[in-house]
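For reference, the structure discussed in these notes is given below.
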Amino acid sequence: MNYLHHIWALLLLLNIPVATLHAQNAENQRGDFLYEKTHPLREIRAVWLTTIGGLDWPRTKATDAASRDRQKAELVSILDNYKRANINTVIFQTRVRAAVLYPSKIEPWELSLTGKAGMNPGYDPLAFCIEECHKRGMELHAWVVCIPIGTSQRQSGYGSASLVKRRPELVKTAKGGEMFMLPGNPKTADYIASICQEIVQNYDVDGISLDYIRYPESIFNFSDDNLYPRSASLSKADWRRENITRIVRRVHDVVKPIKPWVKLSSSPIGKYRDTHRYSAGGWNGYNAVYQDPVLWLKEGWQDLLFPMMYFTGNNYYPFLFQWLENAYGHPIAPGLGIYFLDPREGRWQLNEVRAEMHTARNSSIGGVAFYRGEFLTKNCKGIYDTACREFFPYPALTPRMTWQGDTIPPLAPTQLTYASGILHWQAPQPPKGGLCYNIYGSNLYPVDITKAENLLAVNIRTPRYELSGRDLKVHHYAVTAIDRFGNESPALQEVKPTFELPQHIDVPRLINRDLKGTQAKTRKNDKKKKRK
């Protein structure tokens, strides 16, 4: 816990509105006087890439070969922009509304891909996105929307393939024709877990992220109380929380035996519960929609959280520290509602987001996530430039999964060589799940791999790396191996020539100084000769 964490904790204890300090900061154009300048070597930098209605992607419908190529090119461009901002986690909306973005044996094709419900786009978007993310050293977490399945009209477009037709016992229609899966039916947990199992078995995903893992809001007048057993020992509220927890637990139980390194997460409501000093205003996860993500972390059913903290001021800071105090050693990446920077969506100012990002970083909570991708890449009020220049000028590793019990680092690579602008090394024997490699560089030897500014590239998947851009500005390199749990090997350092001068000595400056001194002495001697 650093000094800023102590400051916020004291403000909360004294019941001083934390928004006051940030309002004062917002009056300053940059507000740098509050912020530390250090950059962490490990933190989550996530973006939700939304596919429902093509909000972030796809804008082009894949109806033939040409449009399919344009659709792919759109995604590549988006991922290139994320890469330039050193984003390391893409939360890719994979299950939308009981329809998916991969060839599934369980659910039909999502309509946003082609404009027609159930139509095959002619390629596998999930496999394509995983491949392109991994090329760029980014993790891909499959975003699975759990409870809502859209309107009855939307579902009717899928015909006999729709969940409504195939499993009507799992579905209920609520106000306005909105349809939801029934948390109170234990088979709902089995069904959602089967989708997650299908994804993990068939794809090299880095995570499964559950969204809308909660009861519907009160405005929908949704109820599954008819399933509440009369002999239940739990209160109705606790029964509802157990219904949601059962889904989380079931997903954990089917995924972890297959690939224990796959990170399980969710996006709960941004306010867990009312704090002692601050009310959630009737909108918290525990009481309003029956989530208990703190329990999920405590029991190890979730590896991390992306709480939807789309608030400012006293609706953000007290609840940020509530999450931090209930993390049980897991990383939490608060989701920031950067869509409010768009004048069509809200009236947020850039400094409000900057303040939230700095506070999250300085608290060491685990990172941040942006909702949603379009508002980052179109640089609303300068948020993309701010991310690139102020927050993420260097790559970052994601946190180690120390809670999983696998904390043994892999063996280091061997035989690092350099030729024609390319680094090569020998790969060690990989553990189950495989290995990636991180590249470090510095003008000092040996390269210090504890400094974020020395990290050049992350999660390289082959034992070679072509140097470019910032890589070419350093003189020495080091390579480490990293496993799927985030354990990193010792560094394989570049062989340093014994005749090379230390790089911290400014040799040209010393030579110029000596030359100037020699020239001055020569002129002085010439003057003496003339006088004689």
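Here, A, B, ... name the chains of the structure tokens in the order displayed, residue numbers run from 1 inside each chain, and ligands are numbered from 1 in the same displayed order.
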### Neighbour list for Ser162 in chain A as number ranges by chain, cut-off 9 Å, only C-alpha atoms, skip fewer than 3 positions in-chain
A: 98-99, 107-108, 155-159, 165-167
Could those residues be written to a file, using C-alpha atoms, as a PDB file, in the first residue's frame?
ATOM      1  CA  ALA A  98     -27.730 -17.099 -26.944  1.00  0.00           C
ATOM      2  CA  ALA A  99     -25.747 -16.957 -30.205  1.00  0.00           C
ATOM      3  CA  GLU A 107     -25.784 -22.420 -30.201  1.00  0.00           C
ATOM      4  CA  PRO A 108     -26.300 -20.757 -33.618  1.00  0.00           C
ATOM      5  CA  GLN A 155     -34.820 -15.247 -30.876  1.00  0.00           C
ATOM      6  CA  SER A 156     -37.487 -15.998 -33.462  1.00  0.00           C
ATOM      7  CA  GLY A 157     -34.926 -15.210 -36.183  1.00  0.00           C
ATOM      8  CA  TYR A 158     -32.949 -18.294 -35.149  1.00  0.00           C
ATOM      9  CA  GLY A 159     -35.939 -20.580 -35.718  1.00  0.00           C
ATOM     10  CA  LYS A 165     -37.121 -23.766 -29.091  1.00  0.00           C
ATOM     11  CA  ARG A 166     -34.435 -26.179 -27.941  1.00  0.00           C
ATOM     12  CA  ARG A 167     -34.534 -25.611 -24.169  1.00  0.00           C
TER      13      ARG A 167
END
Need the shell around Val248 in chain A: protein/DNA/RNA residues with any atom at most 8 Å away, counting only C-alpha atoms. Skip same-chain ones fewer than 4 positions apart. Format as an mmCIF file with C-alpha atoms, in the first residue's frame?
data_model
loop_
_atom_site.group_PDB
_atom_site.id
_atom_site.type_symbol
_atom_site.label_atom_id
_atom_site.label_comp_id
_atom_site.auth_asym_id
_atom_site.auth_seq_id
_atom_site.Cartn_x
_atom_site.Cartn_y
_atom_site.Cartn_z
ATOM 1 C CA ALA A 189 -25.675 -23.510 -14.773
ATOM 2 C CA ILE A 244 -25.903 -17.102 -9.510
ATOM 3 C CA HIS A 252 -14.978 -23.249 -12.751
ATOM 4 C CA TRP A 296 -16.167 -16.153 -5.741
ATOM 5 C CA TRP A 301 -13.938 -19.897 -8.353
ATOM 6 C CA GLN A 302 -12.795 -16.691 -10.063
#
If you take only C-alpha atoms and a cut-off of 12 Å, which residues of range 254-298 of chain A touch range 312-326 of chain A, and what are their nearest atom pairs and distances in Å to one decimal, in chain and number order, as a tab-separated table?
residue	atom	partner	partner_atom	distance
A:Pro268	CA	A:Trp323	CA	11.1
A:Ile269	CA	A:Phe319	CA	10.7
A:Gly270	CA	A:Phe319	CA	7.5
A:Lys271	CA	A:Phe319	CA	5.8
A:Tyr272	CA	A:Phe319	CA	7.3
A:Arg273	CA	A:Phe319	CA	8.3
A:Asp274	CA	A:Phe319	CA	8.4
A:Thr275	CA	A:Gln322	CA	7.5
A:His276	CA	A:Pro318	CA	9.8
A:Arg277	CA	A:Pro318	CA	8.5
A:Tyr278	CA	A:Pro318	CA	7.2
A:Ser279	CA	A:Asn315	CA	8.5
A:Ala280	CA	A:Asn315	CA	7.2
A:Gly281	CA	A:Asn315	CA	9.0
A:Gly282	CA	A:Asn315	CA	11.9
A:Trp283	CA	A:Asn315	CA	10.7
A:Asn284	CA	A:Phe319	CA	10.2
A:Gly285	CA	A:Phe319	CA	11.7
A:Asp292	CA	A:Asn326	CA	11.3
A:Pro293	CA	A:Asn326	CA	9.6
A:Val294	CA	A:Asn326	CA	6.3
A:Leu295	CA	A:Asn326	CA	9.2
A:Trp296	CA	A:Asn326	CA	10.8
A:Leu297	CA	A:Asn326	CA	8.5
A:Lys298	CA	A:Asn326	CA	8.5
### Long-range neighbours of Leu79 in chain A as a list in words, 10 Å cut-off, only C-alpha atoms, 4 positions minimum in chain
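Non-adjacent residues within range: Leu49, Ala73, Glu74, Leu75, Lys83, Arg84, Ala85, Ile87, Val90, Cys129, Glu132, Cys133, Arg136, Met138, Gly373 and Thr377 of chain A.
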Same residues, C-alpha atoms, saved as an mmCIF file, in the first residue's frame:
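Just written: result20.cif:
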data_model
loop_
_atom_site.group_PDB
_atom_site.id
_atom_site.type_symbol
_atom_site.label_atom_id
_atom_site.label_comp_id
_atom_site.auth_asym_id
_atom_site.auth_seq_id
_atom_site.Cartn_x
_atom_site.Cartn_y
_atom_site.Cartn_z
ATOM 1 C CA LEU A 49 -14.460 -5.471 -27.707
ATOM 2 C CA ALA A 73 -9.301 -6.205 -41.955
ATOM 3 C CA GLU A 74 -11.517 -4.147 -39.638
ATOM 4 C CA LEU A 75 -10.619 -6.401 -36.729
ATOM 5 C CA LYS A 83 -1.262 -2.857 -29.623
ATOM 6 C CA ARG A 84 -0.003 0.699 -30.142
ATOM 7 C CA ALA A 85 -1.572 1.590 -26.801
ATOM 8 C CA ILE A 87 -3.203 -3.037 -24.275
ATOM 9 C CA VAL A 90 -8.866 -8.142 -25.134
ATOM 10 C CA CYS A 129 -9.249 -13.036 -33.215
ATOM 11 C CA GLU A 132 -4.323 -11.989 -34.248
ATOM 12 C CA CYS A 133 -4.253 -11.155 -30.529
ATOM 13 C CA ARG A 136 0.504 -8.984 -30.929
ATOM 14 C CA MET A 138 -2.197 -9.804 -26.201
ATOM 15 C CA GLY A 373 -13.266 -0.273 -27.493
ATOM 16 C CA THR A 377 -9.645 4.042 -30.402
#
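Between Val447 in chain A and the residues A:Ile44, A:Val495, A:Ile213, A:Ala355, the shortest atom-to-atom distance, using only C-alpha atoms, involves A:Val495.
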### Task
From the DSSP assignment of the backbone, select every residue of range 271-393 of chain A that is alpha helix (DSSP H), and format the answer as a PyMOL selection string.
chain A and resi 285-288+293-298+317-325+350-363+373-377+383-386
### Task
Name the closest residue to Glu131 in chain A among the candidates A:Met181, A:Val255, A:Val205, A:Ile78; distances are taken between atoms, counting only C-alpha atoms.
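Ranking A:Met181, A:Val255, A:Val205, A:Ile78 by distance to Glu131 in chain A, first place goes to A:Val205.
The space separating CA of Pro399 in chain A from CA of Arg42 in chain A comes to 5.5 Å.
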### Task
Rounded to one decimal place, report the CA of Asp204 in chain A-CA of Asp303 in chain A distance in Å.
17.5 Å
Within 10 Å of Ala481 in chain A, counting only C-alpha atoms, which residues show up once you throw out same-chain ones fewer than 6 positions away? Write them as an mmCIF file with C-alpha atoms, in the first residue's frame, please.
data_model
loop_
_atom_site.group_PDB
_atom_site.id
_atom_site.type_symbol
_atom_site.label_atom_id
_atom_site.label_comp_id
_atom_site.auth_asym_id
_atom_site.auth_seq_id
_atom_site.Cartn_x
_atom_site.Cartn_y
_atom_site.Cartn_z
ATOM 1 C CA PRO A 409 9.248 -20.504 -12.968
ATOM 2 C CA PRO A 410 10.128 -22.235 -16.234
ATOM 3 C CA LEU A 411 13.696 -22.823 -17.325
ATOM 4 C CA ALA A 412 15.416 -19.916 -19.030
ATOM 5 C CA PRO A 413 16.072 -19.913 -22.784
ATOM 6 C CA ALA A 427 13.642 -22.697 -26.293
ATOM 7 C CA PRO A 428 13.613 -24.745 -23.069
ATOM 8 C CA PRO A 430 7.822 -26.242 -22.384
ATOM 9 C CA LEU A 435 5.698 -21.066 -23.190
ATOM 10 C CA CYS A 436 5.928 -17.499 -24.405
ATOM 11 C CA TYR A 437 8.896 -15.142 -24.301
ATOM 12 C CA ASN A 438 9.483 -11.582 -23.135
ATOM 13 C CA ILE A 439 12.110 -9.284 -24.655
ATOM 14 C CA VAL A 458 5.668 -9.589 -24.319
ATOM 15 C CA ASN A 459 4.273 -13.044 -25.025
ATOM 16 C CA ILE A 460 6.326 -13.792 -28.131
ATOM 17 C CA ARG A 461 5.291 -17.277 -29.241
ATOM 18 C CA PRO A 463 12.032 -18.355 -30.335
ATOM 19 C CA ASN A 487 5.691 -17.352 -13.924
ATOM 20 C CA GLU A 488 8.823 -15.905 -15.521
ATOM 21 C CA SER A 489 12.227 -17.523 -15.879
ATOM 22 C CA PRO A 490 15.565 -15.894 -15.080
ATOM 23 C CA ALA A 491 16.866 -13.706 -17.889
ATOM 24 C CA LEU A 492 19.078 -14.970 -20.658
#
### Query
Quick one: DSSP strand (DSSP E or B) residues in range 255-324 of chain A, as number ranges by chain?
A: 263-266, 269, 304-305, 308-309
### Task
Using only C-alpha atoms, find the one residue out of A:Leu376, A:Leu305, A:Ile338, A:Ala237 that sits nearest to Tyr82 in chain A.
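Of the candidates, the smallest distance to Tyr82 in chain A is held by A:Leu376.
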### Message
At a cut-off of 12 Å, using only C-alpha atoms, what residues contact Ile449 in chain A? Leave out same-chain residues fewer than 4 positions from it and give the result as JSON, numbers by chain.
### Response
{"A": [40, 41, 42, 396, 397, 438, 439, 440, 441, 442, 444, 445, 453, 454, 455, 456, 457, 476, 477, 478, 479, 480, 488, 489, 490, 491, 492, 493]}
Dump of C-alpha atoms for the selected residues, as an mmCIF file, in the first residue's frame:
data_model
loop_
_atom_site.group_PDB
_atom_site.id
_atom_site.type_symbol
_atom_site.label_atom_id
_atom_site.label_comp_id
_atom_site.auth_asym_id
_atom_site.auth_seq_id
_atom_site.Cartn_x
_atom_site.Cartn_y
_atom_site.Cartn_z
ATOM 1 C CA PRO A 40 4.391 -1.087 -13.240
ATOM 2 C CA LEU A 41 5.934 -4.106 -14.881
ATOM 3 C CA ARG A 42 2.716 -6.068 -14.352
ATOM 4 C CA ALA A 396 3.264 -4.727 -19.322
ATOM 5 C CA LEU A 397 2.935 -8.323 -18.222
ATOM 6 C CA ASN A 438 9.483 -11.582 -23.135
ATOM 7 C CA ILE A 439 12.110 -9.284 -24.655
ATOM 8 C CA TYR A 440 13.968 -6.702 -22.573
ATOM 9 C CA GLY A 441 16.478 -4.098 -23.706
ATOM 10 C CA SER A 442 18.699 -1.434 -22.174
ATOM 11 C CA LEU A 444 23.198 -0.753 -19.467
ATOM 12 C CA TYR A 445 24.552 -4.267 -19.093
ATOM 13 C CA GLU A 453 10.931 0.807 -19.247
ATOM 14 C CA ASN A 454 13.236 -2.055 -20.269
ATOM 15 C CA LEU A 455 10.366 -4.274 -21.425
ATOM 16 C CA LEU A 456 10.227 -4.228 -25.222
ATOM 17 C CA ALA A 457 7.812 -7.019 -26.133
ATOM 18 C CA HIS A 476 21.802 -4.852 -24.992
ATOM 19 C CA TYR A 477 19.018 -7.433 -24.908
ATOM 20 C CA ALA A 478 17.709 -10.144 -22.620
ATOM 21 C CA VAL A 479 15.039 -12.814 -23.057
ATOM 22 C CA THR A 480 12.895 -14.625 -20.489
ATOM 23 C CA GLU A 488 8.823 -15.905 -15.521
ATOM 24 C CA SER A 489 12.227 -17.523 -15.879
ATOM 25 C CA PRO A 490 15.565 -15.894 -15.080
ATOM 26 C CA ALA A 491 16.866 -13.706 -17.889
ATOM 27 C CA LEU A 492 19.078 -14.970 -20.658
ATOM 28 C CA GLN A 493 21.392 -12.008 -21.161
#
### Task
Excluding Lys259 in chain A and residues on its chain fewer than 6 positions from it, collect all residues at most 12 Å away from it, counting only C-alpha atoms, and give them as a ChimeraX atom specification.
/A:196-197,199-208,252-253,404,432-434,484-485
